[in-house]
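The structure appears right after this line, and notes come after that.
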Amino acid sequence: MVPLIFGVLNQQSPALTAERWNPILHYLTAVSGVPLVLKMGPTVDETNAMMARSVFDLMFTNHNFQSEFDGIGYRVIARWAGEPIRTVIAASADSPVRHLRELEGKAVAFPSKEAFVGYAVPLVALRSARVNVSEVFAGNQEGAMAQLKARRVDAAAVNSRFLSQYAEREGVKFREIYVSEGFPELAVIVHPRVPAATVDKLRRALIGMADDPAAAPVLARVKFRGFAPASDRDYDGVRRVYKQTGQ
């Protein structure tokens with residue numbers, strides 16, 4: 001059987017992404033009987049372009065909720081389990097900046113213009129507060145936080161889950177300047193060309209992972225709770241924010 005291509009949004013470097021996702025995909029392949037192979041572009045833009053060309057049979061993302069991808073027909077079959085994700089605009093722990101308005105004219109790092117939690121949500125917040133910042137695009141969340149850690153920017157916008165993981169891994173502390181409302185974790189989406197029977201096997205394997213003792217070592221290694229049921233309607237709020245930014 002020809003492996004299905006599973007794309008992953010560039011939140012981290014390709015090496016760190018592979019370290020996290022290959023064990024997950026190996027598990028899903030073993031349980032579902034559907035071979036999966038990880039693939040992504042070197043940048044967010046290139047990964048999104050691959051999605052636009054229907055390269056991926058499945059993908060872990062929320063960029064598909066931008067209007068430009070509506071015609072492809074990807075649909076949600078599960079989501080990353082856990083609490084809702086939130087945008088955090090963070091500054092260094094010793095920064096004098098404590099409020100959004102104090103970012104006026106300052107440099108703020110974002111993962112990319114396509115990022116939802118990392119750009120669309122904070123952009124709406126900054127516009128609402130009538131705060132203008134100097135935008136610095138770092139390629140992914142890892143890059144945005146690295147810019148802040150190196151003090152090349154005054155603040156960085158990332159998702160709450162990633163911020164806590166990064167702070168723990170790097171042994172650094174940050175101050176939260178802004179925290180958004182909650183949005184569903186990133187979705188696993190499937191291309192309409194994938195047969196319904198295959199989709200059903202993969203959905204059951206994804207959702208069953210959280211309660212499968214055989215998956216426990218994988219979940220512990222990647223610090224992950226598994227996947228939860230989800231549908232396209234769960235992401236109406238994501239579409240709303242993208243539309244507010246013109247995406």
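By order in the structure tokens, chains are A, B, ...; within a chain, residues start at 1; ligands start at 1, following the order shown.
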
Every residue of region 119-223 of chain A that DSSP places in strand (DSSP E), as number ranges by chain: A: 134-137, 155-159, 174-179, 187-190

Wanna dump the region 47-135 of chain A-region 1-11 of chain A contacts at 10 Å for me, each residue with its shortest atom pair and the distance in Å to one decimal, counting only C-alpha atoms, ordered by chain and number, as a tab-separated table?
residue	atom	partner	partner_atom	distance
A:Thr47	CA	A:Leu9	CA	6.9
A:Asn48	CA	A:Leu9	CA	8.1
A:Met50	CA	A:Gly7	CA	8.9
A:Met51	CA	A:Gly7	CA	8.2
A:Val55	CA	A:Ile5	CA	7.5
A:Phe56	CA	A:Ile5	CA	5.2
A:Asp57	CA	A:Ile5	CA	5.2
A:Leu58	CA	A:Phe6	CA	4.8
A:Met59	CA	A:Gly7	CA	4.3
A:Phe60	CA	A:Val8	CA	4.8
A:Thr61	CA	A:Leu9	CA	5.3
A:Asn62	CA	A:Leu9	CA	8.2
A:His63	CA	A:Leu9	CA	8.3
A:Pro111	CA	A:Gln11	CA	7.9
A:Ser112	CA	A:Asn10	CA	9.8
A:Ala115	CA	A:Gln11	CA	9.1
A:Gly118	CA	A:Gln11	CA	9.7

Can you spit out the residues from that selection as a JSON list (two decimals), in the first residue's frame, using N, CA and C atoms?
[["chain", "number", "residue", "atom", "x", "y", "z"],
["A", 47, "THR", "N", 4.94, 24.99, 3.18],
["A", 47, "THR", "CA", 4.01, 23.96, 3.62],
["A", 47, "THR", "C", 2.58, 24.32, 3.23],
["A", 48, "ASN", "N", 2.21, 25.59, 3.39],
["A", 48, "ASN", "CA", 0.88, 26.03, 2.97],
["A", 48, "ASN", "C", 0.70, 25.89, 1.47],
["A", 50, "MET", "N", 2.10, 23.67, -0.39],
["A", 50, "MET", "CA", 1.90, 22.23, -0.62],
["A", 50, "MET", "C", 0.46, 21.84, -0.31],
["A", 51, "MET", "N", -0.11, 22.41, 0.77],
["A", 51, "MET", "CA", -1.51, 22.15, 1.09],
["A", 51, "MET", "C", -2.41, 22.66, -0.03],
["A", 55, "VAL", "N", -0.99, 18.36, -1.86],
["A", 55, "VAL", "CA", 0.08, 17.38, -1.67],
["A", 55, "VAL", "C", -0.25, 16.43, -0.52],
["A", 56, "PHE", "N", -0.87, 16.96, 0.54],
["A", 56, "PHE", "CA", -1.10, 16.18, 1.75],
["A", 56, "PHE", "C", -2.42, 15.42, 1.71],
["A", 57, "ASP", "N", -2.36, 14.17, 2.11],
["A", 57, "ASP", "CA", -3.58, 13.38, 2.29],
["A", 57, "ASP", "C", -4.23, 13.73, 3.63],
["A", 58, "LEU", "N", -3.38, 13.94, 4.62],
["A", 58, "LEU", "CA", -3.83, 14.41, 5.93],
["A", 58, "LEU", "C", -2.87, 15.50, 6.37],
["A", 59, "MET", "N", -3.34, 16.35, 7.29],
["A", 59, "MET", "CA", -2.47, 17.41, 7.77],
["A", 59, "MET", "C", -2.88, 17.84, 9.17],
["A", 60, "PHE", "N", -1.89, 18.27, 9.95],
["A", 60, "PHE", "CA", -2.11, 18.83, 11.27],
["A", 60, "PHE", "C", -1.88, 20.33, 11.15],
["A", 61, "THR", "N", -2.96, 21.11, 11.23],
["A", 61, "THR", "CA", -2.86, 22.55, 10.96],
["A", 61, "THR", "C", -4.13, 23.25, 11.40],
["A", 62, "ASN", "N", -4.13, 24.58, 11.33],
["A", 62, "ASN", "CA", -5.38, 25.34, 11.35],
["A", 62, "ASN", "C", -5.35, 26.42, 10.27],
["A", 63, "HIS", "N", -4.34, 26.38, 9.41],
["A", 63, "HIS", "CA", -4.25, 27.35, 8.33],
["A", 63, "HIS", "C", -5.26, 27.07, 7.23],
["A", 111, "PRO", "N", 5.45, 34.26, 14.27],
["A", 111, "PRO", "CA", 5.93, 33.12, 13.48],
["A", 111, "PRO", "C", 5.89, 33.39, 11.97],
["A", 112, "SER", "N", 4.73, 33.84, 11.49],
["A", 112, "SER", "CA", 4.56, 34.14, 10.06],
["A", 112, "SER", "C", 3.24, 34.87, 9.89],
["A", 115, "ALA", "N", 0.18, 32.51, 10.36],
["A", 115, "ALA", "CA", -0.11, 31.88, 11.65],
["A", 115, "ALA", "C", -1.43, 32.38, 12.22],
["A", 118, "GLY", "N", -0.44, 32.75, 16.28],
["A", 118, "GLY", "CA", 0.79, 33.53, 16.30],
["A", 118, "GLY", "C", 0.74, 34.85, 15.56]]

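For the choices A:Gln66, A:Ser160, A:Gln165, A:Gln141, the atom-to-atom distance to Ala109 (chain A) is smallest for A:Gln141 when using only C-alpha atoms.
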
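Counting only C-alpha atoms, the residue from A:Ala120, A:Ile77, A:Leu219, A:Val37 that sits nearest to Ala196 (chain A) is A:Ile77.
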
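Counting only C-alpha atoms, Arg203 (chain A) has the following residues at most 8 Å away, ignoring those fewer than 4 positions along the same chain: Ile77, Ala78, Val199 and Ile207 of chain A.
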
With the cut-off set at 10 Å and counting only C-alpha atoms, tabulate each residue of region 129-232 of chain A with an atom at most that distance from an atom of region 27-34 of chain A, showing the nearest atom pair and its distance in Å to one decimal, ordered by chain and increasing number, as CSV.
residue,atom,partner,partner_atom,distance
A:Thr198,CA,A:Val34,CA,7.3
A:Val199,CA,A:Val34,CA,9.5
A:Asp200,CA,A:Ser32,CA,9.2
A:Lys201,CA,A:Ser32,CA,5.4
A:Leu202,CA,A:Ser32,CA,5.8
A:Arg203,CA,A:Ser32,CA,8.9
A:Arg204,CA,A:Ser32,CA,7.9
A:Ala205,CA,A:Ser32,CA,5.8
A:Leu206,CA,A:Leu28,CA,6.8
A:Gly208,CA,A:Val31,CA,9.5
A:Met209,CA,A:Leu28,CA,8.2
A:Ala214,CA,A:Tyr27,CA,8.7
A:Ala215,CA,A:Tyr27,CA,7.1
A:Val218,CA,A:Tyr27,CA,7.9

Could you save the residues just selected, with all heavy atoms, as a CSV table (one decimal), in the first residue's frame?
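The result, written out as result-v1.csv:
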chain,number,residue,atom,x,y,z
A,198,THR,N,-10.9,4.3,4.8
A,198,THR,CA,-9.6,4.7,5.3
A,198,THR,C,-9.7,5.8,6.4
A,198,THR,O,-9.0,5.7,7.4
A,198,THR,CB,-8.7,5.1,4.2
A,198,THR,OG1,-8.6,4.0,3.2
A,198,THR,CG2,-7.3,5.5,4.7
A,199,VAL,N,-10.5,6.8,6.1
A,199,VAL,CA,-10.7,7.9,7.0
A,199,VAL,C,-11.2,7.4,8.3
A,199,VAL,O,-10.8,7.8,9.4
A,199,VAL,CB,-11.7,8.9,6.4
A,199,VAL,CG1,-12.0,10.0,7.5
A,199,VAL,CG2,-11.0,9.6,5.2
A,200,ASP,N,-12.1,6.4,8.3
A,200,ASP,CA,-12.7,5.9,9.5
A,200,ASP,C,-11.7,5.1,10.3
A,200,ASP,O,-11.6,5.3,11.6
A,200,ASP,CB,-13.9,4.9,9.2
A,200,ASP,CG,-14.6,4.4,10.4
A,200,ASP,OD1,-15.1,5.3,11.2
A,200,ASP,OD2,-14.7,3.2,10.6
A,201,LYS,N,-10.8,4.4,9.7
A,201,LYS,CA,-9.7,3.7,10.4
A,201,LYS,C,-8.8,4.7,11.1
A,201,LYS,O,-8.4,4.5,12.3
A,201,LYS,CB,-8.9,2.8,9.4
A,201,LYS,CG,-9.7,1.6,8.9
A,201,LYS,CD,-8.8,0.8,7.9
A,201,LYS,CE,-9.5,-0.3,7.3
A,201,LYS,NZ,-8.7,-1.0,6.2
A,202,LEU,N,-8.5,5.7,10.4
A,202,LEU,CA,-7.5,6.7,10.9
A,202,LEU,C,-8.2,7.5,12.1
A,202,LEU,O,-7.5,7.8,13.1
A,202,LEU,CB,-7.1,7.6,9.8
A,202,LEU,CG,-6.1,7.0,8.8
A,202,LEU,CD1,-5.9,7.9,7.6
A,202,LEU,CD2,-4.7,6.7,9.5
A,203,ARG,N,-9.4,7.8,11.9
A,203,ARG,CA,-10.1,8.6,13.0
A,203,ARG,C,-10.2,7.7,14.2
A,203,ARG,O,-9.9,8.2,15.4
A,203,ARG,CB,-11.6,8.9,12.5
A,203,ARG,CG,-12.3,9.8,13.6
A,203,ARG,CD,-13.8,9.9,13.3
A,203,ARG,NE,-14.0,10.8,12.2
A,203,ARG,CZ,-14.4,10.4,11.0
A,203,ARG,NH1,-14.6,9.1,10.7
A,203,ARG,NH2,-14.6,11.3,10.0
A,204,ARG,N,-10.5,6.5,14.1
A,204,ARG,CA,-10.6,5.6,15.3
A,204,ARG,C,-9.2,5.4,16.0
A,204,ARG,O,-9.1,5.4,17.2
A,204,ARG,CB,-11.2,4.2,14.9
A,204,ARG,CG,-12.7,4.3,14.7
A,204,ARG,CD,-13.3,2.9,14.6
A,204,ARG,NE,-13.2,2.4,13.2
A,204,ARG,CZ,-12.4,1.4,12.8
A,204,ARG,NH1,-11.7,0.8,13.7
A,204,ARG,NH2,-12.4,1.0,11.6
A,205,ALA,N,-8.2,5.3,15.1
A,205,ALA,CA,-6.8,5.2,15.7
A,205,ALA,C,-6.4,6.5,16.4
A,205,ALA,O,-5.8,6.4,17.5
A,205,ALA,CB,-5.8,4.9,14.6
A,206,LEU,N,-6.7,7.6,15.8
A,206,LEU,CA,-6.4,8.9,16.4
A,206,LEU,C,-7.0,9.1,17.8
A,206,LEU,O,-6.4,9.4,18.8
A,206,LEU,CB,-6.8,10.1,15.5
A,206,LEU,CG,-5.9,10.3,14.2
A,206,LEU,CD1,-6.7,11.1,13.2
A,206,LEU,CD2,-4.7,11.1,14.6
A,208,GLY,N,-8.6,6.9,19.6
A,208,GLY,CA,-8.3,5.8,20.6
A,208,GLY,C,-7.0,5.9,21.2
A,208,GLY,O,-6.7,5.2,22.2
A,209,MET,N,-6.1,6.7,20.7
A,209,MET,CA,-4.7,6.7,21.2
A,209,MET,C,-4.6,7.1,22.6
A,209,MET,O,-3.8,6.6,23.4
A,209,MET,CB,-3.9,7.7,20.3
A,209,MET,CG,-2.4,7.7,20.5
A,209,MET,SD,-1.6,8.8,19.4
A,209,MET,CE,0.1,8.4,19.8
A,214,ALA,N,-0.9,0.7,24.8
A,214,ALA,CA,0.3,0.6,23.9
A,214,ALA,C,0.8,1.9,23.5
A,214,ALA,O,1.9,2.0,23.0
A,214,ALA,CB,-0.2,-0.3,22.7
A,215,ALA,N,-0.1,3.0,23.5
A,215,ALA,CA,0.3,4.3,23.1
A,215,ALA,C,1.0,5.1,24.2
A,215,ALA,O,1.6,6.1,24.0
A,215,ALA,CB,-0.9,5.1,22.6
A,218,VAL,N,4.6,6.3,23.8
A,218,VAL,CA,4.7,7.4,22.8
A,218,VAL,C,4.2,8.7,23.3
A,218,VAL,O,4.9,9.7,23.2
A,218,VAL,CB,3.9,7.0,21.5
A,218,VAL,CG1,3.9,8.1,20.5
A,218,VAL,CG2,4.4,5.7,20.9

Enumerate as an MDAnalysis selection string all residues of region 112-245 of chain A assigned to alpha helix (DSSP H) by DSSP on the backbone, naming them with the chain letters and numbers the document uses. chainID A and resid 121:128 141:149 160:170 196:208 216:222 236:244

Suppose we keep C-alpha atoms; can you now write the selection as a short mmCIF file (atom, residue, chain, number, x, y, z; two decimals), in the first residue's frame?
data_model
loop_
_atom_site.label_atom_id
_atom_site.label_comp_id
_atom_site.auth_asym_id
_atom_site.auth_seq_id
_atom_site.Cartn_x
_atom_site.Cartn_y
_atom_site.Cartn_z
CA VAL A 121 -5.32 36.68 16.80
CA PRO A 122 -2.67 39.10 18.13
CA LEU A 123 -3.14 41.33 15.08
CA VAL A 124 -6.84 41.73 15.91
CA ALA A 125 -5.94 42.48 19.55
CA LEU A 126 -3.33 45.08 18.61
CA ARG A 127 -5.70 46.76 16.14
CA SER A 128 -8.44 46.85 18.79
CA GLN A 141 7.13 29.74 16.88
CA GLU A 142 10.56 28.41 17.79
CA GLY A 143 12.13 31.26 15.84
CA ALA A 144 9.85 33.89 17.39
CA MET A 145 10.78 32.82 20.91
CA ALA A 146 14.47 32.61 19.98
CA GLN A 147 14.26 36.25 18.85
CA LEU A 148 12.79 37.20 22.23
CA LYS A 149 15.27 35.10 24.19
CA SER A 160 0.13 29.20 25.11
CA ARG A 161 1.06 25.53 24.90
CA PHE A 162 4.21 26.22 22.93
CA LEU A 163 5.27 29.03 25.27
CA SER A 164 5.15 26.80 28.35
CA GLN A 165 7.03 24.02 26.55
CA TYR A 166 9.69 26.42 25.29
CA ALA A 167 10.16 28.11 28.67
CA GLU A 168 10.59 24.73 30.37
CA ARG A 169 12.99 23.40 27.75
CA GLU A 170 15.12 26.54 27.60
CA ALA A 196 -14.20 6.91 3.61
CA ALA A 197 -13.18 3.50 4.99
CA THR A 198 -9.58 4.68 5.34
CA VAL A 199 -10.69 7.89 7.02
CA ASP A 200 -12.73 5.87 9.51
CA LYS A 201 -9.74 3.66 10.41
CA LEU A 202 -7.53 6.69 10.93
CA ARG A 203 -10.14 8.57 12.97
CA ARG A 204 -10.59 5.59 15.30
CA ALA A 205 -6.82 5.21 15.69
CA LEU A 206 -6.37 8.92 16.40
CA ILE A 207 -9.13 9.19 19.01
CA GLY A 208 -8.34 5.80 20.57
CA ALA A 216 1.37 5.38 26.61
CA PRO A 217 5.15 5.28 25.93
CA VAL A 218 4.69 7.38 22.79
CA LEU A 219 2.49 9.91 24.58
CA ALA A 220 4.94 10.18 27.47
CA ARG A 221 7.91 10.62 25.16
CA VAL A 222 6.34 13.47 23.18
CA ASP A 236 -16.01 28.65 13.18
CA GLY A 237 -14.25 31.03 15.59
CA VAL A 238 -10.96 30.46 13.81
CA ARG A 239 -12.55 31.31 10.46
CA ARG A 240 -14.07 34.46 12.02
CA VAL A 241 -10.68 35.76 13.16
CA TYR A 242 -9.05 35.01 9.82
CA LYS A 243 -11.82 36.99 8.10
CA GLN A 244 -11.26 39.93 10.47
#

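Within the 9 Å cut-off around Ala155 (chain A), using only C-alpha atoms and omitting residues fewer than 2 positions from it on the same chain, the listed residues are A:Ile89, A:Ala90, A:Ala91, A:Ser92, A:Val97, A:Leu103, A:Lys106, A:Ala107, A:Val108, A:Ala109, A:Ala144, A:Met145, A:Gln147, A:Leu148, A:Arg151, A:Val153, A:Ala157, A:Ile177.
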
Would you mind exporting the chosen residues as an mmCIF file, in the first residue's frame, restricted to C-alpha atoms?
data_model
loop_
_atom_site.group_PDB
_atom_site.id
_atom_site.type_symbol
_atom_site.label_atom_id
_atom_site.label_comp_id
_atom_site.auth_asym_id
_atom_site.auth_seq_id
_atom_site.Cartn_x
_atom_site.Cartn_y
_atom_site.Cartn_z
ATOM 1 C CA ILE A 89 2.131 38.004 23.652
ATOM 2 C CA ALA A 90 5.113 37.552 25.942
ATOM 3 C CA ALA A 91 8.033 39.726 26.990
ATOM 4 C CA SER A 92 11.162 38.857 28.949
ATOM 5 C CA VAL A 97 6.617 46.263 29.269
ATOM 6 C CA LEU A 103 4.292 47.924 22.817
ATOM 7 C CA LYS A 106 8.308 48.337 19.579
ATOM 8 C CA ALA A 107 9.526 45.200 17.759
ATOM 9 C CA VAL A 108 7.294 42.150 18.141
ATOM 10 C CA ALA A 109 8.158 38.729 16.707
ATOM 11 C CA ALA A 144 9.852 33.886 17.389
ATOM 12 C CA MET A 145 10.783 32.821 20.914
ATOM 13 C CA GLN A 147 14.260 36.246 18.845
ATOM 14 C CA LEU A 148 12.795 37.203 22.227
ATOM 15 C CA ARG A 151 16.483 40.201 23.067
ATOM 16 C CA VAL A 153 12.647 41.993 19.893
ATOM 17 C CA ALA A 157 3.383 36.183 19.939
ATOM 18 C CA ILE A 177 1.505 40.854 28.266
#

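Closest to Ser134 (chain A) among A:Phe110, A:Asp212, A:Val158, A:Val117 is A:Phe110, based on only C-alpha atoms.
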
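The spacing separating CA of Trp21 (chain A) from CA of Lys39 (chain A) amounts to 10.3 Å.
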
Hey, which of A:Ala49, A:Arg130, A:Phe137, A:Asn22 ends up closest to Pro35 (chain A)? Count only C-alpha atoms. A:Asn22

Neighbouring residues of region 82-85 of chain A were defined as those with any atom within 7 Å, considering only C-alpha atoms; residues of the same chain fewer than 3 positions away were excluded. Please report them as an MDAnalysis selection string. chainID A and resid 159:161 182:185 225

Deliver the residues from the most recent selection as a file, using N, CA and C atoms, as a PDB file, in the first residue's frame.
ATOM      1  N   ASN A 159       1.582  30.469  20.695  1.00  0.00           N
ATOM      2  CA  ASN A 159       0.455  29.876  21.400  1.00  0.00           C
ATOM      3  C   ASN A 159       0.873  29.457  22.803  1.00  0.00           C
ATOM      4  N   SER A 160      -0.111  29.412  23.686  1.00  0.00           N
ATOM      5  CA  SER A 160       0.134  29.204  25.114  1.00  0.00           C
ATOM      6  C   SER A 160       0.835  27.887  25.388  1.00  0.00           C
ATOM      7  N   ARG A 161       0.442  26.834  24.684  1.00  0.00           N
ATOM      8  CA  ARG A 161       1.060  25.527  24.900  1.00  0.00           C
ATOM      9  C   ARG A 161       2.537  25.563  24.530  1.00  0.00           C
ATOM     10  N   GLY A 182      -9.886  31.430  24.300  1.00  0.00           N
ATOM     11  CA  GLY A 182      -9.452  30.110  23.885  1.00  0.00           C
ATOM     12  C   GLY A 182     -10.002  29.701  22.520  1.00  0.00           C
ATOM     13  N   PHE A 183      -9.206  28.940  21.794  1.00  0.00           N
ATOM     14  CA  PHE A 183      -9.603  28.375  20.505  1.00  0.00           C
ATOM     15  C   PHE A 183      -9.260  26.887  20.512  1.00  0.00           C
ATOM     16  N   PRO A 184      -9.978  26.081  19.699  1.00  0.00           N
ATOM     17  CA  PRO A 184      -9.671  24.650  19.662  1.00  0.00           C
ATOM     18  C   PRO A 184      -8.221  24.408  19.243  1.00  0.00           C
ATOM     19  N   GLU A 185      -7.623  23.370  19.823  1.00  0.00           N
ATOM     20  CA  GLU A 185      -6.289  22.961  19.406  1.00  0.00           C
ATOM     21  C   GLU A 185      -6.279  22.660  17.903  1.00  0.00           C
ATOM     22  N   ARG A 225      -1.227  14.288  25.053  1.00  0.00           N
ATOM     23  CA  ARG A 225      -2.378  13.581  25.619  1.00  0.00           C
ATOM     24  C   ARG A 225      -3.110  12.699  24.614  1.00  0.00           C
TER      25      ARG A 225
END

Applying 9 Å and only C-alpha atoms, which residues near Ser95 (chain A) remain after dropping the ones on its own chain fewer than 5 positions away? List them as number ranges by chain. A: 154, 174-175

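Between CA of Ala230 (chain A) and CA of Glu19 (chain A) there is a distance of 25.1 Å.
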
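Put simply, CA of Ala156 (chain A) is 13.0 Å away from CA of Lys173 (chain A).
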